[in-house]
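To start, the structure under review is shown below, and the notes come after it.
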Amino acid sequence: MSRPLGPIGVFDSGVGGISTLAALTRELPGENFLYYGDTRNAPYGTKTTGEVLACVRRVVDRLMAEDIKALVIACNTATGAAAAALRRELTLPVIGMEPALKPAEEAWQGGHILVMATPLTLRQEKFLDLMDRFGAHAVPLPCPGLMELVEKEDDAGARAYLSEIFSAWDLDRVDAVVLGCTHYVFLKPMIRRMLPARILLTDGNAGTARQLRRVLRERNLLLPDSGQGTLRMETSGDAEALLPVMRRLYQRAQLIET
Ligand code: DGL
């Protein structure tokens with residue numbers, strides 16, 4: 001009996017997960033991907049866990065209709081809200097994300113770390129557990145409103161937002177900044193320029209891509225690295241307006257180092 005080998009479903013509340021998608025297609029150039037941005041319901045990060053779970057279930061129903069062989073939650077907020085429930089309910093592999101605090105702590109043991117993420121990510125039990133394990137010197141930095149600036153490609157607005165939040169810190173005493181939301185990875189080159197060069201910036205995209213490869217290999221679902229993989233994108237928002245933006249951001253994401 002032949003097993004259906006549909007695409008790998010990847011989703012986020014909007015365009016943020018496209019930064020993750022670029023890392024996934026780089027790591028797995030033979031795989032087929034279907035990216036879904038739930039823009040109509042964005043942002044997730046200022047909703048309740050229950051509201052995000054309901055949004056995620058609708059997205060997953062849509063992706064399952066395409067026979068996806070694995071699911072990547074390219075969103076820290078949705079992972080905290082929904083990954084455990086989805087893993088109980090689905091038989092396919094579910095790969096989630098968390099703020100990359102562990103690599104920041106490992107690189108700078110005892111260093112001061114700022115964790116930028118959505119308000120909901122920082123409230124979730126999953127994050128509090130992570131803080132217990134690796135966050136003795138970490139400070140959560142909620143960034144409500146920042147994802148919207150990335151969605152609008154408003155670089156001037158993002159620069160003003162970031163200057164304001166960083167001005168509250170003595171940056172000479174900060175050793176690492178964790179980009180704990182996939183949207184913020186688009187701002188990485190800008191943030192890099194705003195911070196002293198010695199500050200480490202971490203995000204979870206490359207780790208997620210390696211984890212996806214590992215899980216696909218374990219489950220015998222990995223396609224050869226042919227370079228012939230395909231990519232489709234969908235959105236719950238206005239496709240005509242958003243798909244060109246999503247494609248443009250996918251190109252932009254190729255240039256960001258993770
Ligand atoms: N990109 C999402 C994350 O990684 C969240 C953005 C949002 O919808 O608030 O958390």
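Residues in the structure tokens are named by chain (A, B, ... in the order shown) and by number from 1 within that chain; ligands are numbered from 1 in the order shown.
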
As a quick test: using only C-alpha atoms and all ligand atoms, which residues lie no more than 10 Å away from ligand 1? Give them as an MDAnalysis selection string. chainID A and resid 11:20 37:39 41:47 52 73:80 97:99 116:122 143:148 150:151 179:185 204

Which of stretch 119-240 of chain A DSSP labels alpha helix (DSSP H), written as an MDAnalysis selection string: chainID A and resid 119:123 125:134 146:151 155:166 188:194 205:218 239:240

In Å, rounded to a single decimal, give me how far atom CA of A:Arg87 is from atom CA of A:Asp132.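 Going from atom CA of A:Asp132 over to atom CA of A:Arg87, I get 23.4 Å.
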
With 9 Å as the cut-off and only C-alpha atoms counted, what is the closest atom pair between each nearby residue of stretch 59-173 of chain A and stretch 208-227 of chain A? Distances in Å to one decimal, ordered by chain and number, as CSV.
```
residue,atom,partner,partner_atom,distance
A:Lys69,CA,A:Leu221,CA,7.7
A:Ala70,CA,A:Leu216,CA,8.0
A:Val72,CA,A:Leu212,CA,7.9
A:Ala74,CA,A:Thr208,CA,8.6
A:Pro93,CA,A:Val215,CA,7.2
A:Val94,CA,A:Leu212,CA,8.9
A:Ile95,CA,A:Leu212,CA,6.6
A:Gly96,CA,A:Thr208,CA,7.5
A:Met97,CA,A:Thr208,CA,6.7
```

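For the set A:Leu114, A:Val60, A:Ile8, A:Leu53, the residue with the smallest atom-to-atom gap to A:Leu90 is A:Val60, counting only C-alpha atoms.
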
Can you tell me, as an MDAnalysis selection string, which residues in stretch 42-212 of chain A count as strand (DSSP E) by DSSP? chainID A and resid 70:73 94:95 113:117 138:142 176:179 200:202

Just to be explicit: take each residue in the selection above, keep N, CA, C and O atoms, and write the result as a JSON list (two decimals), in the first residue's frame.
```json
[["chain", "number", "residue", "atom", "x", "y", "z"],
["A", 70, "ALA", "N", 3.76, 16.17, 7.40],
["A", 70, "ALA", "CA", 4.30, 16.66, 8.67],
["A", 70, "ALA", "C", 3.82, 18.10, 8.83],
["A", 70, "ALA", "O", 3.47, 18.76, 7.85],
["A", 71, "LEU", "N", 3.80, 18.55, 10.09],
["A", 71, "LEU", "CA", 3.32, 19.91, 10.37],
["A", 71, "LEU", "C", 4.41, 20.67, 11.12],
["A", 71, "LEU", "O", 4.93, 20.19, 12.14],
["A", 72, "VAL", "N", 4.75, 21.85, 10.62],
["A", 72, "VAL", "CA", 5.69, 22.72, 11.33],
["A", 72, "VAL", "C", 4.93, 23.94, 11.82],
["A", 72, "VAL", "O", 4.34, 24.68, 11.01],
["A", 73, "ILE", "N", 4.92, 24.14, 13.13],
["A", 73, "ILE", "CA", 4.28, 25.33, 13.70],
["A", 73, "ILE", "C", 5.37, 26.41, 13.74],
["A", 73, "ILE", "O", 6.20, 26.44, 14.64],
["A", 94, "VAL", "N", 4.64, 16.55, 14.44],
["A", 94, "VAL", "CA", 4.36, 17.98, 14.68],
["A", 94, "VAL", "C", 5.64, 18.60, 15.25],
["A", 94, "VAL", "O", 6.12, 18.19, 16.31],
["A", 95, "ILE", "N", 6.20, 19.54, 14.52],
["A", 95, "ILE", "CA", 7.44, 20.21, 14.96],
["A", 95, "ILE", "C", 7.08, 21.63, 15.39],
["A", 95, "ILE", "O", 6.45, 22.37, 14.64],
["A", 113, "ILE", "N", 20.51, 38.10, 29.38],
["A", 113, "ILE", "CA", 19.82, 37.78, 28.13],
["A", 113, "ILE", "C", 18.45, 38.46, 28.11],
["A", 113, "ILE", "O", 17.71, 38.37, 29.10],
["A", 114, "LEU", "N", 18.12, 39.11, 27.00],
["A", 114, "LEU", "CA", 16.76, 39.64, 26.82],
["A", 114, "LEU", "C", 16.01, 38.70, 25.88],
["A", 114, "LEU", "O", 16.54, 38.32, 24.84],
["A", 115, "VAL", "N", 14.79, 38.34, 26.25],
["A", 115, "VAL", "CA", 13.99, 37.46, 25.40],
["A", 115, "VAL", "C", 12.81, 38.25, 24.84],
["A", 115, "VAL", "O", 11.85, 38.54, 25.55],
["A", 116, "MET", "N", 12.91, 38.60, 23.56],
["A", 116, "MET", "CA", 11.82, 39.32, 22.89],
["A", 116, "MET", "C", 10.80, 38.31, 22.37],
["A", 116, "MET", "O", 11.16, 37.38, 21.65],
["A", 117, "ALA", "N", 9.54, 38.50, 22.73],
["A", 117, "ALA", "CA", 8.50, 37.58, 22.24],
["A", 117, "ALA", "C", 7.14, 38.25, 22.42],
["A", 117, "ALA", "O", 7.05, 39.36, 22.95],
["A", 138, "ALA", "N", 17.91, 35.71, 32.52],
["A", 138, "ALA", "CA", 17.16, 36.20, 31.35],
["A", 138, "ALA", "C", 15.99, 37.07, 31.80],
["A", 138, "ALA", "O", 15.42, 36.85, 32.87],
["A", 139, "VAL", "N", 15.66, 38.03, 30.96],
["A", 139, "VAL", "CA", 14.53, 38.92, 31.24],
["A", 139, "VAL", "C", 13.57, 38.87, 30.05],
["A", 139, "VAL", "O", 13.99, 39.10, 28.91],
["A", 140, "PRO", "N", 12.30, 38.56, 30.30],
["A", 140, "PRO", "CA", 11.32, 38.56, 29.20],
["A", 140, "PRO", "C", 11.00, 39.99, 28.76],
["A", 140, "PRO", "O", 10.83, 40.86, 29.60],
["A", 141, "LEU", "N", 10.92, 40.18, 27.46],
["A", 141, "LEU", "CA", 10.65, 41.50, 26.92],
["A", 141, "LEU", "C", 9.46, 41.41, 25.94],
["A", 141, "LEU", "O", 9.64, 41.13, 24.75],
["A", 142, "PRO", "N", 8.25, 41.59, 26.46],
["A", 142, "PRO", "CA", 7.08, 41.47, 25.57],
["A", 142, "PRO", "C", 7.07, 42.60, 24.54],
["A", 142, "PRO", "O", 7.37, 43.75, 24.88],
["A", 176, "ALA", "N", 23.12, 38.80, 25.32],
["A", 176, "ALA", "CA", 22.43, 38.11, 24.22],
["A", 176, "ALA", "C", 20.98, 38.59, 24.14],
["A", 176, "ALA", "O", 20.37, 38.97, 25.15],
["A", 177, "VAL", "N", 20.46, 38.58, 22.91],
["A", 177, "VAL", "CA", 19.05, 38.92, 22.69],
["A", 177, "VAL", "C", 18.43, 37.76, 21.91],
["A", 177, "VAL", "O", 18.95, 37.35, 20.86],
["A", 178, "VAL", "N", 17.35, 37.21, 22.44],
["A", 178, "VAL", "CA", 16.68, 36.09, 21.80],
["A", 178, "VAL", "C", 15.48, 36.64, 21.01],
["A", 178, "VAL", "O", 14.64, 37.34, 21.58],
["A", 179, "LEU", "N", 15.42, 36.29, 19.73],
["A", 179, "LEU", "CA", 14.28, 36.69, 18.91],
["A", 179, "LEU", "C", 13.24, 35.57, 19.00],
["A", 179, "LEU", "O", 13.28, 34.60, 18.24],
["A", 200, "LEU", "N", 25.09, 38.65, 21.31],
["A", 200, "LEU", "CA", 24.68, 37.51, 20.49],
["A", 200, "LEU", "C", 23.18, 37.61, 20.19],
["A", 200, "LEU", "O", 22.40, 37.92, 21.09],
["A", 201, "LEU", "N", 22.80, 37.34, 18.94],
["A", 201, "LEU", "CA", 21.37, 37.29, 18.59],
["A", 201, "LEU", "C", 21.02, 35.85, 18.27],
["A", 201, "LEU", "O", 21.70, 35.24, 17.44],
["A", 202, "THR", "N", 19.99, 35.31, 18.89],
["A", 202, "THR", "CA", 19.63, 33.94, 18.55],
["A", 202, "THR", "C", 18.16, 33.86, 18.12],
["A", 202, "THR", "O", 17.33, 34.65, 18.55]]
```

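Nearest-residue note for A:Glu66: choosing from A:Leu130, A:Ala160, A:Ala239, A:Leu34, the minimum distance belongs to A:Leu34, counting only C-alpha atoms.
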
Residue neighbourhood A:Lys102, 9 Å, only C-alpha atoms, exclusion window fewer than 6 positions, as a PDB file with C-alpha atoms, in the first residue's frame:
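The result, stored in part_3.pdb:
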```pdb
ATOM      1  CA  LEU A 130      12.144  27.121  29.736  1.00  0.00           C
ATOM      2  CA  ARG A 133      15.818  25.622  33.076  1.00  0.00           C
ATOM      3  CA  PHE A 134      17.839  28.262  31.232  1.00  0.00           C
ATOM      4  CA  GLY A 135      16.615  31.686  32.311  1.00  0.00           C
TER       5      GLY A 135
END
```

Quick one: residues within 10 Å of A:Trp108, only C-alpha atoms, excluding same-chain residues fewer than 2 positions away - as a PyMOL selection string? chain A and resi 102-106+110-113+137+175-176+199-200
